[in-house]
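Novice: Have a look at this one before I ask anything.
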Amino acid sequence: MNIKLIEGHFNSTDALDLIVKLIHTKIAYHEGKIATDSNEEDIKYRESKIKYLQKELYDVRKYFETLKGNLKISADIVVN
């Protein structure tokens with residue numbers, strides 16, 4: 001099953017806003033799991049995922065500082 005999550009052209013401000021919100025949602029998901037998880041190994045794994053997402057968020061913001069005009073964004077979710 002494929003879910004077309006994002007497909008379109010966006011100005012750089014809207015594109016960044018959309019990507020930031022998606023990353024924040026994923027971070028919140030992991031934070032919620034940490035709050036209910038008692039397994040230390042799972043908690044450490046989720047903390048590493050959060051750090052990775054935070055770095056990606058930083059990188060995407062820096063990248064978007066160099067962009068102007070419309071951008072094409074495409075994102076699919078593939079469920080196997």
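Following the order of the structure tokens, chains are lettered A, B, ..., residues in each are numbered from 1, and ligands are numbered from 1.
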Leaving out stretch 7-15 of chain A and any residue of its chain fewer than 4 positions from it, which residues lie within 7 Å of it when counting only C-alpha atoms, given as a ChimeraX atom specification?
Specialist: /A:19,64,67-75
Novice: Please identify the strand (DSSP E or B) residues within chain A (assignment by DSSP from backbone atoms) and present them as a compact mmCIF listing (two decimals) with N, CA and C atoms, in the first residue's frame.
Specialist:
```txt
# COMPACT_ATOMS: atom_id res chain seq x y z
N ASN A 2 0.55 2.17 -0.84
CA ASN A 2 1.27 3.45 -0.91
C ASN A 2 0.32 4.58 -0.55
N ILE A 3 0.80 5.47 0.28
CA ILE A 3 0.03 6.66 0.67
C ILE A 3 0.81 7.88 0.19
N LYS A 4 0.21 8.66 -0.70
CA LYS A 4 0.85 9.88 -1.19
C LYS A 4 0.63 10.96 -0.13
N LEU A 5 1.64 11.17 0.71
CA LEU A 5 1.52 12.11 1.81
C LEU A 5 1.64 13.56 1.34
N ILE A 6 2.63 13.81 0.50
CA ILE A 6 2.85 15.17 -0.02
C ILE A 6 3.17 15.05 -1.50
N GLU A 7 2.57 15.91 -2.29
CA GLU A 7 2.88 15.98 -3.72
C GLU A 7 2.47 17.35 -4.20
N GLY A 8 3.46 18.19 -4.50
CA GLY A 8 3.10 19.49 -5.01
C GLY A 8 4.24 20.48 -4.99
N HIS A 9 3.91 21.69 -5.42
CA HIS A 9 4.87 22.79 -5.46
C HIS A 9 4.51 23.75 -4.33
N PHE A 10 5.53 24.19 -3.62
CA PHE A 10 5.35 25.07 -2.46
C PHE A 10 6.39 26.17 -2.51
N ASN A 11 6.04 27.35 -2.00
CA ASN A 11 7.08 28.35 -1.85
C ASN A 11 7.98 27.90 -0.70
N ASN A 70 9.69 28.57 -5.83
CA ASN A 70 8.88 27.38 -5.58
C ASN A 70 9.72 26.12 -5.60
N LEU A 71 9.31 25.17 -4.79
CA LEU A 71 10.00 23.89 -4.68
C LEU A 71 9.00 22.77 -4.87
N LYS A 72 9.44 21.70 -5.46
CA LYS A 72 8.59 20.53 -5.59
C LYS A 72 8.93 19.58 -4.45
N ILE A 73 7.90 19.15 -3.73
CA ILE A 73 8.08 18.20 -2.64
C ILE A 73 7.20 17.00 -2.89
N SER A 74 7.80 15.84 -2.71
CA SER A 74 7.06 14.59 -2.85
C SER A 74 7.44 13.69 -1.69
N ALA A 75 6.44 13.10 -1.05
CA ALA A 75 6.70 12.17 0.06
C ALA A 75 5.63 11.09 0.06
N ASP A 76 6.09 9.87 0.07
CA ASP A 76 5.19 8.72 0.10
C ASP A 76 5.43 7.92 1.35
N ILE A 77 4.40 7.27 1.82
CA ILE A 77 4.51 6.26 2.87
C ILE A 77 4.23 4.93 2.19
N VAL A 78 5.16 4.01 2.31
CA VAL A 78 5.02 2.69 1.71
C VAL A 78 4.84 1.69 2.84
```
Novice: Which residue out of A:Val20, A:Ala35, A:Ile27, A:Val79 has the minimum interatomic distance to A:Val60 when only C-alpha atoms are used?
Specialist: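 Nearest candidate to A:Val60 out of A:Val20, A:Ala35, A:Ile27, A:Val79: A:Val20.
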Novice: Which polymer residues have any atom within 12 Å of an atom of A:Ala28, counting only C-alpha atoms, with same-chain residues fewer than 3 positions away left out, as an MDAnalysis selection string?
Specialist: chainID A and resid 21:25 31:35 46:47 49:50 53:54
Novice: Output N, CA and C atoms for every residue in the selection just made, as an mmCIF file, in the first residue's frame.
Specialist:
```cif
data_model
loop_
_atom_site.group_PDB
_atom_site.id
_atom_site.type_symbol
_atom_site.label_atom_id
_atom_site.label_comp_id
_atom_site.auth_asym_id
_atom_site.auth_seq_id
_atom_site.Cartn_x
_atom_site.Cartn_y
_atom_site.Cartn_z
ATOM 1 N N LYS A 21 6.876 20.762 10.623
ATOM 2 C CA LYS A 21 5.745 20.168 11.338
ATOM 3 C C LYS A 21 5.780 18.645 11.284
ATOM 4 N N LEU A 22 6.178 18.087 10.157
ATOM 5 C CA LEU A 22 6.287 16.632 10.049
ATOM 6 C C LEU A 22 7.365 16.092 10.993
ATOM 7 N N ILE A 23 8.515 16.756 11.023
ATOM 8 C CA ILE A 23 9.595 16.314 11.907
ATOM 9 C C ILE A 23 9.186 16.470 13.362
ATOM 10 N N HIS A 24 8.533 17.572 13.700
ATOM 11 C CA HIS A 24 8.071 17.771 15.088
ATOM 12 C C HIS A 24 7.076 16.687 15.499
ATOM 13 N N THR A 25 6.227 16.285 14.567
ATOM 14 C CA THR A 25 5.263 15.225 14.855
ATOM 15 C C THR A 25 5.981 13.921 15.162
ATOM 16 N N GLU A 31 8.834 10.959 21.818
ATOM 17 C CA GLU A 31 8.753 11.444 23.202
ATOM 18 C C GLU A 31 7.605 10.775 23.947
ATOM 19 N N GLY A 32 6.485 10.602 23.287
ATOM 20 C CA GLY A 32 5.348 9.922 23.900
ATOM 21 C C GLY A 32 5.663 8.481 24.224
ATOM 22 N N LYS A 33 6.380 7.813 23.344
ATOM 23 C CA LYS A 33 6.777 6.427 23.593
ATOM 24 C C LYS A 33 7.756 6.336 24.760
ATOM 25 N N ILE A 34 8.660 7.293 24.862
ATOM 26 C CA ILE A 34 9.607 7.317 25.982
ATOM 27 C C ILE A 34 8.851 7.464 27.298
ATOM 28 N N ALA A 35 7.831 8.297 27.301
ATOM 29 C CA ALA A 35 7.058 8.545 28.529
ATOM 30 C C ALA A 35 6.348 7.292 29.023
ATOM 31 N N ARG A 46 15.077 5.453 21.217
ATOM 32 C CA ARG A 46 14.201 6.576 20.852
ATOM 33 C C ARG A 46 14.899 7.918 21.056
ATOM 34 N N GLU A 47 15.708 8.022 22.091
ATOM 35 C CA GLU A 47 16.472 9.253 22.305
ATOM 36 C C GLU A 47 17.441 9.492 21.151
ATOM 37 N N LYS A 49 16.964 8.469 18.074
ATOM 38 C CA LYS A 49 16.130 8.870 16.948
ATOM 39 C C LYS A 49 15.760 10.351 17.050
ATOM 40 N N ILE A 50 15.443 10.807 18.252
ATOM 41 C CA ILE A 50 15.101 12.218 18.460
ATOM 42 C C ILE A 50 16.295 13.102 18.130
ATOM 43 N N LEU A 53 16.630 13.318 14.399
ATOM 44 C CA LEU A 53 15.601 14.185 13.819
ATOM 45 C C LEU A 53 15.895 15.657 14.096
ATOM 46 N N GLN A 54 16.404 15.963 15.285
ATOM 47 C CA GLN A 54 16.761 17.342 15.609
ATOM 48 C C GLN A 54 17.897 17.838 14.711
#
```
Novice: Would you give me, as a PDB file with C-alpha atoms, in the first residue's frame, the residues in chain A that DSSP reads as alpha helix (DSSP H)?
Specialist:
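Okay, selection.pdb is ready:
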```pdb
ATOM      1  CA  SER A  12      10.146  27.943   0.355  1.00  0.00           C
ATOM      2  CA  THR A  13       8.397  29.287   3.468  1.00  0.00           C
ATOM      3  CA  ASP A  14       5.448  26.900   3.177  1.00  0.00           C
ATOM      4  CA  ALA A  15       7.719  23.978   2.281  1.00  0.00           C
ATOM      5  CA  LEU A  16       9.886  24.554   5.331  1.00  0.00           C
ATOM      6  CA  ASP A  17       6.821  24.921   7.554  1.00  0.00           C
ATOM      7  CA  LEU A  18       5.414  21.628   6.294  1.00  0.00           C
ATOM      8  CA  ILE A  19       8.684  19.741   6.781  1.00  0.00           C
ATOM      9  CA  VAL A  20       9.237  21.222  10.254  1.00  0.00           C
ATOM     10  CA  LYS A  21       5.745  20.168  11.338  1.00  0.00           C
ATOM     11  CA  LEU A  22       6.287  16.632  10.049  1.00  0.00           C
ATOM     12  CA  ILE A  23       9.595  16.314  11.907  1.00  0.00           C
ATOM     13  CA  HIS A  24       8.071  17.771  15.088  1.00  0.00           C
ATOM     14  CA  THR A  25       5.263  15.225  14.855  1.00  0.00           C
ATOM     15  CA  LYS A  26       7.775  12.383  14.625  1.00  0.00           C
ATOM     16  CA  ILE A  27       9.748  13.779  17.584  1.00  0.00           C
ATOM     17  CA  ALA A  28       6.543  14.038  19.627  1.00  0.00           C
ATOM     18  CA  TYR A  29       5.743  10.416  18.728  1.00  0.00           C
ATOM     19  CA  HIS A  30       9.090   9.237  20.121  1.00  0.00           C
ATOM     20  CA  GLU A  31       8.753  11.444  23.202  1.00  0.00           C
ATOM     21  CA  GLY A  32       5.348   9.922  23.900  1.00  0.00           C
ATOM     22  CA  LYS A  33       6.777   6.427  23.593  1.00  0.00           C
ATOM     23  CA  ILE A  34       9.607   7.317  25.982  1.00  0.00           C
ATOM     24  CA  ALA A  35       7.058   8.545  28.529  1.00  0.00           C
ATOM     25  CA  THR A  36       5.289   5.176  28.503  1.00  0.00           C
ATOM     26  CA  GLU A  40      15.965   1.311  29.038  1.00  0.00           C
ATOM     27  CA  GLU A  41      17.187  -0.035  25.703  1.00  0.00           C
ATOM     28  CA  ASP A  42      14.063   1.217  23.904  1.00  0.00           C
ATOM     29  CA  ILE A  43      14.340   4.595  25.604  1.00  0.00           C
ATOM     30  CA  LYS A  44      17.962   4.996  24.483  1.00  0.00           C
ATOM     31  CA  TYR A  45      16.986   3.987  20.953  1.00  0.00           C
ATOM     32  CA  ARG A  46      14.201   6.576  20.852  1.00  0.00           C
ATOM     33  CA  GLU A  47      16.472   9.253  22.305  1.00  0.00           C
ATOM     34  CA  SER A  48      18.951   8.585  19.499  1.00  0.00           C
ATOM     35  CA  LYS A  49      16.130   8.870  16.948  1.00  0.00           C
ATOM     36  CA  ILE A  50      15.101  12.218  18.460  1.00  0.00           C
ATOM     37  CA  LYS A  51      18.690  13.511  18.275  1.00  0.00           C
ATOM     38  CA  TYR A  52      18.879  12.413  14.651  1.00  0.00           C
ATOM     39  CA  LEU A  53      15.601  14.185  13.819  1.00  0.00           C
ATOM     40  CA  GLN A  54      16.761  17.342  15.609  1.00  0.00           C
ATOM     41  CA  LYS A  55      19.954  17.335  13.530  1.00  0.00           C
ATOM     42  CA  GLU A  56      17.940  16.827  10.345  1.00  0.00           C
ATOM     43  CA  LEU A  57      15.693  19.715  11.381  1.00  0.00           C
ATOM     44  CA  TYR A  58      18.732  21.955  11.866  1.00  0.00           C
ATOM     45  CA  ASP A  59      20.151  20.886   8.498  1.00  0.00           C
ATOM     46  CA  VAL A  60      16.907  21.449   6.618  1.00  0.00           C
ATOM     47  CA  ARG A  61      16.542  24.932   8.109  1.00  0.00           C
ATOM     48  CA  LYS A  62      20.082  25.827   7.043  1.00  0.00           C
ATOM     49  CA  TYR A  63      19.436  24.429   3.568  1.00  0.00           C
ATOM     50  CA  PHE A  64      16.207  26.382   3.159  1.00  0.00           C
TER      51      PHE A  64
END
```
